[in-house]
Protein chains: 2
Amino acid sequence: MLTDAATADLHAFFGDRFSTDRAVLRAHAQSESLIDAPAPWAVVFPDNTAQVARLAVLSARHGFALIGWGAGTSLEGHALARLGGVTVDFSRMAKVLAVYPEDMLAVVQPGLTREALNEELRATGLFFPVDPGANASIGGMVATRASGTATVRYGSMRDNVLGVEVVLADGQIIRTGSSAPKSAAGYDLTALMVGSEGTLGLITEITLRLHGQPEAVSAATCGFASIADAVDCVIATIQTRLPMARIEFLDEAAVAACNDFSGLELPLCPQLMVEFHGSPQSVTEQAARFGDLAAEFGSTGFQWARAQEDRTRLWKARYDAYRAILASRPGCKAIVTDVCVPISALAEAVEETRADIASTPVPGPILGHVGDGNFHAILLVRDGDAAEAAIARALAQRMAERALRLGGTITGEHGVRFGKLALMAAEHGPGWQVMGAIKRALDPQNRLNPGKLVPQG
Amino acid sequence: MLTDAATADLHAFFGDRFSTDRAVLRAHAQSESLIDAPAPWAVVFPDNTAQVARLAVLSARHGFALIGWGAGTSLEGHALARLGGVTVDFSRMAKVLAVYPEDMLAVVQPGLTREALNEELRATGLFFPVDPGANASIGGMVATRASGTATVRYGSMRDNVLGVEVVLADGQIIRTGSSAPKSAAGYDLTALMVGSEGTLGLITEITLRLHGQPEAVSAATCGFASIADAVDCVIATIQTRLPMARIEFLDEAAVAACNDFSGLELPLCPQLMVEFHGSPQSVTEQAARFGDLAAEFGSTGFQWARAQEDRTRLWKARYDAYRAILASRPGCKAIVTDVCVPISALAEAVEETRADIASTPVPGPILGHVGDGNFHAILLVRDGDAAEAAIARALAQRMAERALRLGGTITGEHGVRFGKLALMAAEHGPGWQVMGAIKRALDPQNRLNPGKLVPQG
């Protein structure tokens with residue numbers, strides 16, 4: 001709990017932007033997943049970087065932890081105050097500070113959501129392509145190294161963050177990177193902050209790379225007789241270097257859930273959802289080449305979504321897949337798994353996972369950003385059923401181990417937080433201790449999002 | 001100097017792969033630039049990672065420093081034993097360990113040169129695109145976050161290194177990254193090692209992203225009436241998002257030097273050298289679009305290099321530009337500057353630099369990878385002329401300050417080592433101290449390439 005002295009200091013400085021209201025605390029203890037976490041001790045809503053720095057100084061003085069909060073869309077509970085502390089809600093720092101169309105850059109605050117950013121960019125002919133589905137905050141996306149459906153073409157946050165302003169544990173403000181397209185000036189602190197999950201600093205400003213809105217866009221769905229055919233088609237597509245903008249996989253169970261929830265009428269079989277960006281001519285050419293490839297793998301029911309409203313409907317259904325799958329088994333919570341493997345191992349990884357899930361009573365539709373080798377099984381566990389939860393956790397564990405055996409990673413995009421701490425040593429060996437050493441160097445009192453990512457205790 | 005005990009241990013373990021031969025030491029004290037550095041105390045030629053780890057253990061036991069050495073092509077003296085110590089020459093660790101065509105990855109040893117790698121890849125249809133000009137070692141390119149002529153299209157080492165094996169200061173071996181296309185599993189240690197200039201660990205193995213050899217390639221040179229016209233054409237080209245494979249700038253003095261040295265017959269005016277990669281159709285389309293843009297900026301003398309031998313001659317001349325410029329003023333050494341600015345500031349940066357150089361007696365042809373906002377002035381200083389050296393250093397300082405003022409960086413690709421230490425604080429502010437904290441966390445005894453990159457003393 002906050003001491004009286006800490007509460008007094010916070011209240012004196014932040015006034016009504018400091019809250020211990022029960023409803024506010026509860027709103028910052030919510031999670032999409034099975035994670036149980038206590039509410040934070042308090043929530044602060046800073047207006048600017050100087051206030052965040054001040055907060056860090058108070059945190060140092062009184063010894064309470066700070067946990068950043070963006071839009072609360074993390075599937076892994078990154079922003080939960082696992083060990084208590086003060087949540088830093090960035091919803092009042094949500095502006096686009098500048099757009100530089102000539103350099104294709106934008107400078108934004110962390111609380112801005114990606115949809116709000118793209119809304120502001122609409123008239124510029126530019127857009128920000130990293131798209132994890134949820135309307136996440138940019139700050140949260142930096143902190144978790146988010147990626148998503150368009151990463152196969154445009155890269156993840158690793159590739160699209162040029163620099164950040166960060167408040168360190170002691171209240172110092174640093175700026176990483178520059179506005180130049182590249183630099184060799186020392187350690188890549190930008191890359192270190194991207195994916196650090198709030199454990200090294202609080203991100204208060206971000207310089208993002210923008211991309212040109214594609215002249216033409218076309219999307220399609222395409223069914224296959226088996227998972228193997230669909231995934232082999234993806235592998236061939238990537239290896240042919242077709243510049244796909246999106247290439248998403250849904251297994252039959254995921255398709256059924258989306259049909260029911262979003263009113264799609266996709267044939268009940270493994271499906272790929274694809275999108276092409278480019279000039280009208282190149283989009284036509286790409287689509288034709290993809291169609292040829294898909295036919296080689298026995299595709300059926302190639303359905304175009306050429307009109308904007310059809311594409312919107314299709315991708316909305318894809319983004320709603322998580323909710324659709326949750327709705328397919330009422331009274332359940334989900335354990336969302338997230339592994340990523342080399343493209344060549346994708347078929348093996350997906351098929352083994354499919355068989356593994358099928359051997360249990362727990363349903364687990366599979367879908368993913370397969371162009372990156374990244375897929376998820378959404379394991380549906382009856383709320384309060386400890387036996388099912390244990391089965392699902394064991395499935396998730398085997399998925400992660402399988403990914404490692406195939407040269408992949410325990411998390412493609414959702415991050416580590418504390419659910420995957422035990423797997424970090426398996427993936428990184430002594431490299432995980434190096435992460436711990438960096439954490440201790442930058443946050444020796446362990447006040448920034450404690451209990452997560454690095455070795456504990 | 002090495003103690004007798006250290007010498008005995010090194011000799012006992014490494015036998016004739018440990019050398020204190022004067023000629024060997026001298027060969028590892030050479031530099032392309034004005035840097036004076038003493039020879040190392042000894043040179044070790046390890047055969048494998050275990051031997052490098054053993055070397056680190058001996059370094060810890062006896063307290064001597066370790067300095068990695070690849071191909072010795074650094075323009076900034078990264079691999080010089082500035083404060084003494086033992087040079088680790090990776091020339092015996094120069095193999096391609098594996099190529100995974102399906103995943104477009106190669107695993108290589110650090111001593112391998114980029115030309116040797118591409119020679120081995122030739123039959124696979126793949127290539128490694130990062131091309132700093134010199135036939136650098138891959139390990140050195142990782143350590144300096146190298147980029148070069150093709151970075152505008154394919155990215156730098158930051159974008160093309162998927163993982164590394166590193167021997168830490170205490171002899172521990174860690175592996176960063178995975179073979180999956182992306183990961184959210186903790187701090188990005190790969191990115192931390194890329195560009196760390198040998199100060200955090202010795203890189204012993206690298207997993208590289210490969211790219212498809214382009215179906216068709218076409219190159220051209222194109223003259224302009226003024227630097228402003230040439231650079232404005234580059235800015236327009238980048239902003240039009242033409243997917244240039246290379247777009248290089250040479251000012252009139254650089255052109256003259258290349259004509260003389262390499263037997264080119266380019267008109268004496270600012271020139272762009274460009275290259276297009278793609279399908280035959282797209283290359284034709286790109287070239288036509290670039291031709292239109294160049295014409296808008298008053299280009300003259302568009303010369304095609306369609307045949308492979310013409311392209312080879314052209315790019316060889318570009319790579320030899322440094323030697324050509326050196327040869328243009330006999331009896332000189334060069335101070336090679338290296339700044340990088342946002343594309344929108346490129347014209348201002350180049351023109352101010354041109355005028356600044358012209359106001360001094362020191363010649364300084366300008367050339368660069370302008371598609372990245374990156375350019376170099378090669379300042380020619382009469383060997384032993386302290387006054388000229390001082391003028392050149394002041395010019396270099398002003399170039400770096402100008403780059404910072406314009407939102408850029410003090411080094412686009414050559415790195416920091418010790419020549420730019422004073423500028424690091426100007427670029428990074430308190431962020432530079434964060435680099436120092438990371439260095440101390442990973443190398444508390446400062447035995448890895450000491451005297452470079454981080455705050456000293």
# chains A, B, ... in the order shown; residues from 1 in each chain; ligands from 1

$ interface_residues --of "chain A" --to "chain B" --cutoff "7 Å" --atoms "only C-alpha atoms" --output "NGL selection string"
:A and (102-103 or 144-145 or 174-176 or 178-188 or 191-192 or 195-196 or 239 or 340-344 or 372-373 or 407-416 or 428 or 430-431 or 435 or 437-438 or 441 or 453)

$ select_by_dssp --residues "region 297-407 of chain A" --states "helix (DSSP H, G or I)" --output "JSON, numbers by chain"
{"A": [308, 309, 310, 311, 312, 313, 314, 315, 316, 317, 318, 319, 321, 322, 323, 324, 325, 326, 327, 343, 344, 345, 346, 347, 348, 349, 350, 351, 352, 353, 354, 355, 356, 357, 358, 370, 371, 372, 386, 387, 388, 389, 390, 391, 392, 393, 394, 395, 396, 397, 398, 399, 400, 401, 402, 403, 404, 405]}

$ closest_residue --among "A:Leu97, A:Leu121, A:Ile378, A:Ala42" --to "Gly85 (chain A)" --atoms "only C-alpha atoms"
A:Ala42

$ atom_distance --atom1 "CA of Ala256 (chain B)" --atom2 "CA of Ala349 (chain B)"
21.9 Å

$ residues_around --residues "Phe128 (chain B)" --least-positions-apart "5" --cutoff "8 Å" --atoms "only C-alpha atoms" --output "list in words"
Arg114, Leu117, Asn118, Leu208, Arg209, Leu210 and His211 of chain B

$ write_last_selection --atoms "N, CA and C atoms" --output "PDB file, in the first residue's frame"
ATOM      1  N   ARG B 114      32.016 -10.169 -46.737  1.00  0.00           N
ATOM      2  CA  ARG B 114      30.714 -10.129 -47.423  1.00  0.00           C
ATOM      3  C   ARG B 114      30.837 -10.620 -48.860  1.00  0.00           C
ATOM      4  N   LEU B 117      30.872 -14.399 -48.722  1.00  0.00           N
ATOM      5  CA  LEU B 117      29.512 -14.884 -48.465  1.00  0.00           C
ATOM      6  C   LEU B 117      28.700 -14.875 -49.756  1.00  0.00           C
ATOM      7  N   ASN B 118      28.725 -13.776 -50.461  1.00  0.00           N
ATOM      8  CA  ASN B 118      27.903 -13.683 -51.674  1.00  0.00           C
ATOM      9  C   ASN B 118      28.397 -14.638 -52.754  1.00  0.00           C
ATOM     10  N   LEU B 208      22.043 -14.309 -40.446  1.00  0.00           N
ATOM     11  CA  LEU B 208      21.756 -13.191 -41.353  1.00  0.00           C
ATOM     12  C   LEU B 208      20.501 -13.467 -42.163  1.00  0.00           C
ATOM     13  N   ARG B 209      19.740 -12.413 -42.395  1.00  0.00           N
ATOM     14  CA  ARG B 209      18.636 -12.449 -43.339  1.00  0.00           C
ATOM     15  C   ARG B 209      19.190 -12.343 -44.752  1.00  0.00           C
ATOM     16  N   LEU B 210      18.733 -13.200 -45.647  1.00  0.00           N
ATOM     17  CA  LEU B 210      19.142 -13.108 -47.053  1.00  0.00           C
ATOM     18  C   LEU B 210      17.982 -12.554 -47.875  1.00  0.00           C
ATOM     19  N   HIS B 211      18.294 -12.157 -49.077  1.00  0.00           N
ATOM     20  CA  HIS B 211      17.278 -11.615 -49.982  1.00  0.00           C
ATOM     21  C   HIS B 211      17.405 -12.310 -51.340  1.00  0.00           C
TER      22      HIS B 211
END

$ residues_around --residues "Gln308 (chain B)" --least-positions-apart "6" --cutoff "10 Å" --atoms "only C-alpha atoms" --output "list in words"
Val217, Ser218, Ala219 and Leu314 of chain B

$ closest_residue --among "B:Ala169, B:Val142, B:Ala94, B:Ile325" --to "Ala65 (chain B)" --atoms "only C-alpha atoms"
B:Ala169

$ atom_distance --atom1 "CA of Glu352 (chain B)" --atom2 "CA of Asp383 (chain B)"
26.4 Å

$ closest_residue --among "B:Val234, B:Ile227, B:Ala134, B:Val88" --to "Trp315 (chain B)" --atoms "only C-alpha atoms"
B:Ala134

$ atom_distance --atom1 "CA of Leu25 (chain A)" --atom2 "CA of Pro132 (chain A)"
26.0 Å

$ residues_around --residues "Ile335 (chain B)" --least-positions-apart "3" --cutoff "9 Å" --atoms "only C-alpha atoms" --output "PyMOL selection string"
chain B and resi 33-34+75+377-381+389+392-393+396

$ select_by_dssp --residues "region 52-109 of chain B" --states "strand (DSSP E or B)" --output "list in words"
Leu66, Ile67, Gly68, Trp69, Val86, Thr87, Val88, Asp89, Val96, Leu97, Ala98, Val99, Tyr100, Leu105, Ala106, Val107 and Val108 of chain B

$ write_last_selection --atoms "C-alpha atoms" --output "PDB file, in the first residue's frame"
ATOM      1  CA  LEU B  66      40.392  -7.837 -25.915  1.00  0.00           C
ATOM      2  CA  ILE B  67      39.851  -6.091 -29.226  1.00  0.00           C
ATOM      3  CA  GLY B  68      38.074  -7.869 -32.067  1.00  0.00           C
ATOM      4  CA  TRP B  69      39.571  -7.693 -35.584  1.00  0.00           C
ATOM      5  CA  VAL B  86      45.239  -8.440 -27.177  1.00  0.00           C
ATOM      6  CA  THR B  87      43.715  -8.319 -30.648  1.00  0.00           C
ATOM      7  CA  VAL B  88      41.377 -11.201 -31.519  1.00  0.00           C
ATOM      8  CA  ASP B  89      41.804 -11.802 -35.233  1.00  0.00           C
ATOM      9  CA  VAL B  96      29.515 -20.123 -43.897  1.00  0.00           C
ATOM     10  CA  LEU B  97      28.129 -22.574 -41.328  1.00  0.00           C
ATOM     11  CA  ALA B  98      24.699 -23.097 -42.882  1.00  0.00           C
ATOM     12  CA  VAL B  99      22.368 -21.677 -45.488  1.00  0.00           C
ATOM     13  CA  TYR B 100      18.607 -22.127 -45.106  1.00  0.00           C
ATOM     14  CA  LEU B 105      18.816 -17.248 -43.634  1.00  0.00           C
ATOM     15  CA  ALA B 106      22.518 -17.915 -43.403  1.00  0.00           C
ATOM     16  CA  VAL B 107      24.579 -18.673 -40.324  1.00  0.00           C
ATOM     17  CA  VAL B 108      28.141 -17.450 -40.645  1.00  0.00           C
TER      18      VAL B 108
END

$ decode --residues "region 331-436 of chain A" --atoms "C-alpha atoms" --output "CSV table (one decimal), in the first residue's frame"
chain,number,residue,atom,x,y,z
A,331,GLY,CA,-18.9,-19.3,-20.0
A,332,CYS,CA,-15.2,-19.6,-20.9
A,333,LYS,CA,-12.1,-17.6,-20.5
A,334,ALA,CA,-9.3,-17.8,-23.0
A,335,ILE,CA,-5.6,-18.7,-22.8
A,336,VAL,CA,-4.2,-17.1,-25.9
A,337,THR,CA,-1.0,-18.7,-27.0
A,338,ASP,CA,1.5,-17.0,-29.3
A,339,VAL,CA,4.4,-18.7,-30.9
A,340,CYS,CA,6.5,-17.9,-33.9
A,341,VAL,CA,8.7,-20.3,-35.9
A,342,PRO,CA,10.8,-20.2,-39.0
A,343,ILE,CA,8.6,-20.2,-42.1
A,344,SER,CA,10.0,-23.6,-43.2
A,345,ALA,CA,8.8,-25.1,-39.9
A,346,LEU,CA,5.3,-23.6,-40.0
A,347,ALA,CA,3.4,-26.6,-41.3
A,348,GLU,CA,5.0,-28.9,-38.8
A,349,ALA,CA,4.3,-26.5,-35.9
A,350,VAL,CA,0.7,-25.9,-36.8
A,351,GLU,CA,-0.1,-29.5,-37.5
A,352,GLU,CA,1.5,-30.8,-34.4
A,353,THR,CA,-0.3,-28.2,-32.4
A,354,ARG,CA,-3.6,-29.0,-34.0
A,355,ALA,CA,-3.2,-32.7,-33.2
A,356,ASP,CA,-2.1,-31.9,-29.6
A,357,ILE,CA,-5.1,-29.8,-28.9
A,358,ALA,CA,-7.4,-32.4,-30.5
A,359,SER,CA,-6.1,-34.9,-28.1
A,360,THR,CA,-7.6,-32.9,-25.2
A,361,PRO,CA,-11.1,-31.9,-24.2
A,362,VAL,CA,-10.1,-28.2,-24.5
A,363,PRO,CA,-11.2,-26.4,-27.7
A,364,GLY,CA,-8.5,-24.3,-29.3
A,365,PRO,CA,-9.2,-22.7,-32.6
A,366,ILE,CA,-5.9,-21.7,-34.4
A,367,LEU,CA,-5.3,-18.5,-36.3
A,368,GLY,CA,-2.3,-16.4,-37.0
A,369,HIS,CA,-0.1,-14.0,-38.9
A,370,VAL,CA,1.4,-17.0,-40.8
A,371,GLY,CA,3.4,-14.8,-43.2
A,372,ASP,CA,5.7,-14.1,-40.2
A,373,GLY,CA,5.6,-17.7,-38.9
A,374,ASN,CA,3.4,-16.5,-36.0
A,375,PHE,CA,0.2,-18.2,-34.9
A,376,HIS,CA,-2.1,-18.4,-31.9
A,377,ALA,CA,-4.3,-21.1,-30.4
A,378,ILE,CA,-7.1,-19.6,-28.4
A,379,LEU,CA,-7.6,-22.2,-25.7
A,380,LEU,CA,-11.2,-22.0,-24.2
A,381,VAL,CA,-11.3,-22.9,-20.6
A,382,ARG,CA,-14.5,-23.1,-18.7
A,383,ASP,CA,-14.4,-20.3,-16.1
A,384,GLY,CA,-13.4,-21.7,-12.8
A,385,ASP,CA,-12.6,-25.2,-14.1
A,386,ALA,CA,-9.2,-25.9,-12.7
A,387,ALA,CA,-8.7,-29.1,-14.6
A,388,GLU,CA,-9.3,-27.5,-17.9
A,389,ALA,CA,-7.1,-24.6,-17.0
A,390,ALA,CA,-4.3,-27.1,-16.2
A,391,ILE,CA,-4.8,-28.9,-19.5
A,392,ALA,CA,-4.7,-25.6,-21.4
A,393,ARG,CA,-1.6,-24.5,-19.6
A,394,ALA,CA,0.1,-27.7,-20.4
A,395,LEU,CA,-0.9,-27.3,-24.1
A,396,ALA,CA,0.5,-23.8,-24.1
A,397,GLN,CA,3.7,-25.0,-22.5
A,398,ARG,CA,4.1,-27.7,-25.2
A,399,MET,CA,3.4,-25.2,-27.9
A,400,ALA,CA,6.3,-23.0,-26.6
A,401,GLU,CA,8.6,-25.9,-26.3
A,402,ARG,CA,7.7,-27.0,-29.8
A,403,ALA,CA,8.5,-23.6,-31.1
A,404,LEU,CA,11.9,-23.6,-29.5
A,405,ARG,CA,12.6,-27.0,-30.8
A,406,LEU,CA,11.9,-25.8,-34.3
A,407,GLY,CA,14.2,-22.7,-34.0
A,408,GLY,CA,11.4,-20.3,-33.0
A,409,THR,CA,10.4,-18.2,-30.1
A,410,ILE,CA,8.0,-18.5,-27.1
A,411,THR,CA,6.2,-15.3,-28.1
A,412,GLY,CA,5.9,-13.7,-31.5
A,413,GLU,CA,4.1,-10.6,-30.5
A,414,HIS,CA,2.2,-10.8,-27.2
A,415,GLY,CA,5.3,-10.5,-25.0
A,416,VAL,CA,6.6,-12.1,-21.8
A,417,ARG,CA,5.2,-10.3,-18.8
A,418,PHE,CA,5.2,-13.0,-16.0
A,419,GLY,CA,3.3,-15.9,-17.7
A,420,LYS,CA,6.3,-16.9,-19.7
A,421,LEU,CA,9.0,-16.2,-17.2
A,422,ALA,CA,9.8,-19.9,-16.8
A,423,LEU,CA,10.2,-20.2,-20.6
A,424,MET,CA,12.6,-17.3,-20.9
A,425,ALA,CA,15.5,-19.3,-19.6
A,426,ALA,CA,14.7,-22.1,-22.1
A,427,GLU,CA,14.7,-19.6,-25.0
A,428,HIS,CA,17.6,-17.4,-24.0
A,429,GLY,CA,19.8,-19.5,-21.7
A,430,PRO,CA,22.4,-17.2,-20.0
A,431,GLY,CA,21.2,-14.4,-22.2
A,432,TRP,CA,18.2,-14.0,-19.9
A,433,GLN,CA,20.6,-13.2,-17.0
A,434,VAL,CA,22.1,-10.5,-19.3
A,435,MET,CA,18.6,-9.0,-19.6
A,436,GLY,CA,18.5,-9.1,-15.8
